[in-house]
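Below is the file work.cif, which contains mmCIF, C-alpha atoms.
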```
data_coords
loop_
_atom_site.label_atom_id
_atom_site.label_comp_id
_atom_site.auth_asym_id
_atom_site.auth_seq_id
_atom_site.Cartn_x
_atom_site.Cartn_y
_atom_site.Cartn_z
CA MET A 1 81.84 69.68 171.79
CA SER A 2 78.31 70.74 171.16
CA TYR A 3 76.45 70.84 167.91
CA ASP A 4 76.14 74.65 168.20
CA HIS A 5 79.89 75.00 168.72
CA ASP A 6 80.66 72.80 165.69
CA LEU A 7 78.22 74.77 163.57
CA ALA A 8 79.80 78.07 164.64
CA GLU A 9 83.27 76.74 163.74
CA LEU A 10 82.04 75.61 160.31
CA ARG A 11 80.48 79.01 159.67
CA ALA A 12 83.73 80.73 160.66
CA GLU A 13 85.67 78.39 158.35
CA ILE A 14 83.28 79.10 155.47
CA GLU A 15 83.65 82.86 155.99
CA SER A 16 87.43 82.49 156.10
CA LEU A 17 87.37 80.52 152.82
CA ARG A 18 85.10 83.12 151.21
CA THR A 19 87.59 85.84 152.16
CA ILE A 20 90.49 83.83 150.77
CA VAL A 21 88.71 83.08 147.49
CA SER A 22 87.59 86.71 147.13
CA ASN A 23 91.19 87.85 147.58
CA LEU A 24 92.71 85.35 145.13
CA LEU A 25 92.56 87.99 142.44
CA ARG A 26 91.42 91.51 143.03
CA PRO A 27 90.76 93.75 140.04
CA GLY A 28 91.87 97.31 140.56
CA THR A 29 93.43 100.36 138.99
CA VAL A 30 96.90 101.80 139.53
CA SER A 31 96.51 104.58 142.08
CA LYS A 32 100.08 105.45 143.11
CA VAL A 33 103.47 104.96 141.43
CA ASP A 34 106.83 105.18 143.17
CA LYS A 35 110.11 104.27 141.48
CA ALA A 36 111.54 102.63 144.59
CA LYS A 37 108.38 101.18 146.15
CA GLY A 38 106.40 100.09 143.09
CA TYR A 39 102.64 100.50 142.77
CA ARG A 40 99.52 100.77 144.91
CA LEU A 41 96.24 99.65 143.44
CA GLN A 42 92.83 101.03 144.26
CA LEU A 43 90.79 97.94 144.99
CA GLY A 44 87.55 99.70 145.78
CA LYS A 45 86.23 102.02 148.48
CA ASP A 46 86.17 101.57 152.23
CA GLY A 47 83.06 101.96 154.37
CA GLU A 48 83.44 105.75 154.38
CA GLY A 49 83.87 106.04 150.60
CA ASN A 50 87.64 106.56 150.71
CA PRO A 51 89.89 104.64 148.31
CA TYR A 52 90.86 101.19 149.58
CA LEU A 53 94.51 100.79 148.51
CA SER A 54 96.68 97.71 148.26
CA PRO A 55 100.07 97.59 149.94
CA TRP A 56 103.03 98.71 147.77
CA LEU A 57 103.56 96.09 145.05
CA PRO A 58 106.68 95.76 142.86
CA HIS A 59 106.12 95.32 139.15
CA PRO A 60 108.73 95.93 136.42
CA GLU A 61 106.54 96.16 133.29
CA THR A 62 106.03 99.53 131.62
CA GLY A 63 104.88 98.56 128.14
CA LYS A 64 101.40 98.95 126.72
CA THR A 65 100.13 96.56 124.06
CA SER A 66 97.01 95.55 122.23
CA VAL A 67 97.22 91.95 121.08
CA PRO A 68 93.78 90.50 120.37
CA LEU A 69 93.22 86.88 121.34
CA LYS A 70 93.03 84.23 118.63
CA VAL A 71 90.54 81.37 118.44
CA GLY A 72 91.97 78.38 120.29
CA GLN A 73 94.22 80.33 122.66
CA ILE A 74 94.26 79.26 126.29
CA VAL A 75 92.78 81.86 128.63
CA GLY A 76 91.34 81.89 132.11
CA LEU A 77 88.19 83.45 133.45
CA MET A 78 88.76 85.01 136.85
CA SER A 79 85.58 85.60 138.80
CA PRO A 80 86.58 86.77 142.28
CA THR A 81 82.94 87.03 143.37
CA GLY A 82 82.03 83.69 141.82
CA ASP A 83 79.86 85.43 139.20
CA PRO A 84 81.29 84.92 135.66
CA GLN A 85 79.36 88.01 134.49
CA GLN A 86 81.64 90.09 136.73
CA GLY A 87 84.81 88.23 135.77
CA PHE A 88 87.56 89.04 133.33
CA LEU A 89 89.93 87.17 131.05
CA LEU A 90 93.52 86.35 131.86
CA ARG A 91 95.92 85.30 129.15
CA GLY A 92 97.05 81.73 129.56
CA GLY A 93 100.05 79.80 128.41
CA TYR A 94 100.92 78.20 125.11
CA SER A 95 99.58 74.99 123.65
CA ASP A 96 100.36 72.65 120.76
CA GLY A 97 98.01 74.72 118.60
CA HIS A 98 99.46 78.05 119.74
CA LYS A 99 103.18 77.61 120.32
CA SER A 100 105.45 80.32 121.71
CA PRO A 101 107.21 82.29 118.95
CA ASN A 102 110.30 82.40 121.13
CA GLU A 103 112.73 79.75 122.31
CA ASN A 104 115.31 82.28 123.57
CA MET A 105 114.34 83.21 127.12
CA ASP A 106 116.67 86.23 126.94
CA ALA A 107 114.66 87.74 124.07
CA ASN A 108 111.34 89.57 123.92
CA VAL A 109 109.42 88.52 120.82
CA PHE A 110 106.21 89.78 119.26
CA GLU A 111 104.88 87.83 116.29
CA ASP A 112 101.59 88.41 114.49
CA ALA A 113 100.16 88.88 111.00
CA GLY A 114 103.38 87.79 109.28
CA VAL A 115 105.59 90.24 111.21
CA ARG A 116 108.16 89.28 113.85
CA ILE A 117 109.83 91.76 116.20
CA GLU A 118 112.65 90.53 118.42
CA VAL A 119 114.59 92.46 121.04
CA ALA A 120 117.65 90.66 122.42
CA GLY A 121 121.25 91.41 123.30
CA GLY A 122 121.07 95.13 122.48
CA LYS A 123 119.60 94.43 119.06
CA LEU A 124 116.17 95.04 117.50
CA THR A 125 115.22 92.83 114.55
CA ILE A 126 112.06 93.26 112.50
CA SER A 127 111.19 90.59 109.92
CA ALA A 128 108.31 90.61 107.46
CA GLY A 129 108.15 88.27 104.50
CA GLY A 130 111.64 88.17 103.00
CA LEU A 131 112.74 91.46 104.60
CA THR A 132 114.86 91.76 107.75
CA HIS A 133 115.72 95.09 109.38
CA THR A 134 118.26 95.05 112.23
CA ILE A 135 119.25 97.94 114.50
CA SER A 136 122.16 97.60 116.93
CA SER A 137 125.16 99.54 118.21
CA ASP A 138 127.03 98.25 115.14
CA GLY A 139 124.64 100.02 112.76
CA VAL A 140 121.45 99.52 110.79
CA THR A 141 121.11 96.72 108.25
CA THR A 142 118.24 96.00 105.90
CA ARG A 143 118.21 92.78 103.89
CA VAL A 144 115.70 91.63 101.33
CA GLY A 145 116.33 88.76 98.94
CA GLY A 146 120.03 88.78 98.12
CA VAL A 147 120.44 92.51 98.75
CA GLY A 148 121.80 94.06 101.94
CA HIS A 149 122.22 97.71 102.87
CA THR A 150 124.18 98.66 106.01
CA VAL A 151 124.80 102.04 107.61
CA SER A 152 127.48 101.97 110.31
CA GLY A 153 130.27 104.05 111.78
CA ASP A 154 132.42 102.84 108.88
CA GLY A 155 130.05 104.27 106.26
CA VAL A 156 127.41 102.85 103.95
CA ALA A 157 127.73 99.42 102.34
CA THR A 158 125.47 97.68 99.85
CA THR A 159 125.85 94.05 98.83
CA GLY A 160 124.07 92.30 95.98
CA GLY A 161 121.52 93.72 93.59
CA ALA A 162 121.80 96.91 91.56
CA ILE A 163 122.05 100.51 92.69
CA THR A 164 120.11 103.01 90.59
CA HIS A 165 119.38 106.72 90.72
CA ASP A 166 116.71 108.21 88.45
CA GLU A 167 116.59 104.82 86.70
CA LYS A 168 120.32 104.93 85.88
CA ASN A 169 122.73 102.24 87.09
CA ILE A 170 125.25 103.80 89.49
CA GLY A 171 126.41 100.51 91.01
CA SER A 172 129.71 98.67 90.60
CA SER A 173 128.81 97.59 87.05
CA HIS A 174 127.80 101.02 85.71
CA ARG A 175 129.49 102.43 82.60
CA HIS A 176 130.31 105.93 81.39
CA GLY A 177 130.52 107.24 77.88
CA GLY A 178 132.94 109.96 76.74
CA VAL A 179 135.95 108.45 78.44
CA ALA A 180 139.14 110.27 77.47
CA ARG A 181 142.68 110.23 78.86
CA GLY A 182 143.74 113.06 81.06
CA GLY A 183 141.71 115.48 83.12
CA ALA A 184 138.58 115.47 80.93
CA LEU A 185 135.25 114.63 82.55
CA THR A 186 133.28 111.58 81.51
CA ASP A 187 129.65 111.57 80.48
CA PRO A 188 127.05 110.75 83.17
CA PRO A 189 126.41 107.05 83.84
CA ALA A 190 124.85 105.25 80.90
#
```

Rewritten as structure tokens:
Amino acid sequence: MSYDHDLAELRAEIESLRTIVSNLLRPGTVSKVDKAKGYRLQLGKDGEGNPYLSPWLPHPETGKTSVPLKVGQIVGLMSPTGDPQQGFLLRGGYSDGHKSPNENMDANVFEDAGVRIEVAGGKLTISAGGLTHTISSDGVTTRVGGVGHTVSGDGVATTGGAITHDEKNIGSSHRHGGVARGGALTDPPA
């Protein structure tokens, strides 16, 4: 082998590596959506100015969120061109300082600013402070402190606490005045 041949092979190898590194992560925008095929991304323009599209790519996510990063979170900087000024952040994993809010891998959990939202097993649960609100096929339940209020196919049920209307007790311990035997009406709740 000659020196020129070796040098040509090294140059070809370097160009191949550059192509591989440049394609490790390609930023783009969603250009086409097909329920069966997935998505095609526009990754730039070709030599004639036409959109350069990716192959069809499957991707199941449809949600849109805005969850600002917190100091100490693990992130990555992806710089496909090697220039950090042209790079972008990728969310990383969890760490000892920023643990996952979820140990149930069958649940989707969002937790921030003292609020926790969990979706699992056909049930949505929202918790904030001492309040828990649960929605499922069984009904809707709100609990705060020792009081629970449930609306279901069976009706409405309240446990604990007092029930008032216009500052009058109408719960299980309310009293009426003007009680008389027979068909007479009682006074409104005391």

Neighbour list for segment 55-71 of chain A as a PyMOL selection string, cut-off 8 Å, all atoms listed in the file, skip fewer than 5 positions in-chain
chain A and resi 37-41

Tell me, as a PyMOL selection string, which residues lie within 12 Å of Glu103 of chain A, counting all atoms listed in the file; anything in the same chain fewer than 5 positions away does not count.
chain A and resi 108-109+118+120

With the file shown as input, list the residues that the PyMOL selection byres ((chain A and resi 144) around 8) selects, as a PDB file with C-alpha atoms, keeping the file's coordinate frame.
```pdb
ATOM      1  CA  GLY A 130     111.640  88.170 103.000  1.00  0.00           C
ATOM      2  CA  LEU A 131     112.740  91.460 104.600  1.00  0.00           C
ATOM      3  CA  THR A 132     114.860  91.760 107.750  1.00  0.00           C
ATOM      4  CA  THR A 142     118.240  96.000 105.900  1.00  0.00           C
ATOM      5  CA  ARG A 143     118.210  92.780 103.890  1.00  0.00           C
ATOM      6  CA  GLY A 145     116.330  88.760  98.940  1.00  0.00           C
ATOM      7  CA  GLY A 146     120.030  88.780  98.120  1.00  0.00           C
ATOM      8  CA  VAL A 147     120.440  92.510  98.750  1.00  0.00           C
ATOM      9  CA  GLY A 148     121.800  94.060 101.940  1.00  0.00           C
TER      10      GLY A 148
END
```

Give me, as a PyMOL selection string, all polymer residues having an atom no more than 10 Å from Asp187 of chain A, counting all atoms listed in the file and skipping those fewer than 3 positions away in the same chain.
chain A and resi 175-179+184+190

Residues near Ala162 of chain A, anyone? I mean within 8 Å using all atoms listed in the file, not counting same-chain ones fewer than 6 positions away, as a PyMOL selection string.
chain A and resi 169-171

Which residues of segment 87-180 of chain A have any atom within 12 Å of an atom in segment 14-35 of chain A when counting only C-alpha atoms, and what is the closest pair of atoms for each, with the distance in Å to one decimal? Order the rows by chain and rising number and write it as JSON lines.
```
{"residue": "A:Gly87", "atom": "CA", "partner": "A:Pro27", "partner_atom": "CA", "distance": 9.2}
{"residue": "A:Phe88", "atom": "CA", "partner": "A:Pro27", "partner_atom": "CA", "distance": 8.8}
{"residue": "A:Leu89", "atom": "CA", "partner": "A:Pro27", "partner_atom": "CA", "distance": 11.2}
{"residue": "A:Leu90", "atom": "CA", "partner": "A:Leu25", "partner_atom": "CA", "distance": 10.7}
```

What gap, in Å, lies between atom CA of Gly153 of chain A and atom CA of Ser136 of chain A?
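It comes out at 11.6 Å.
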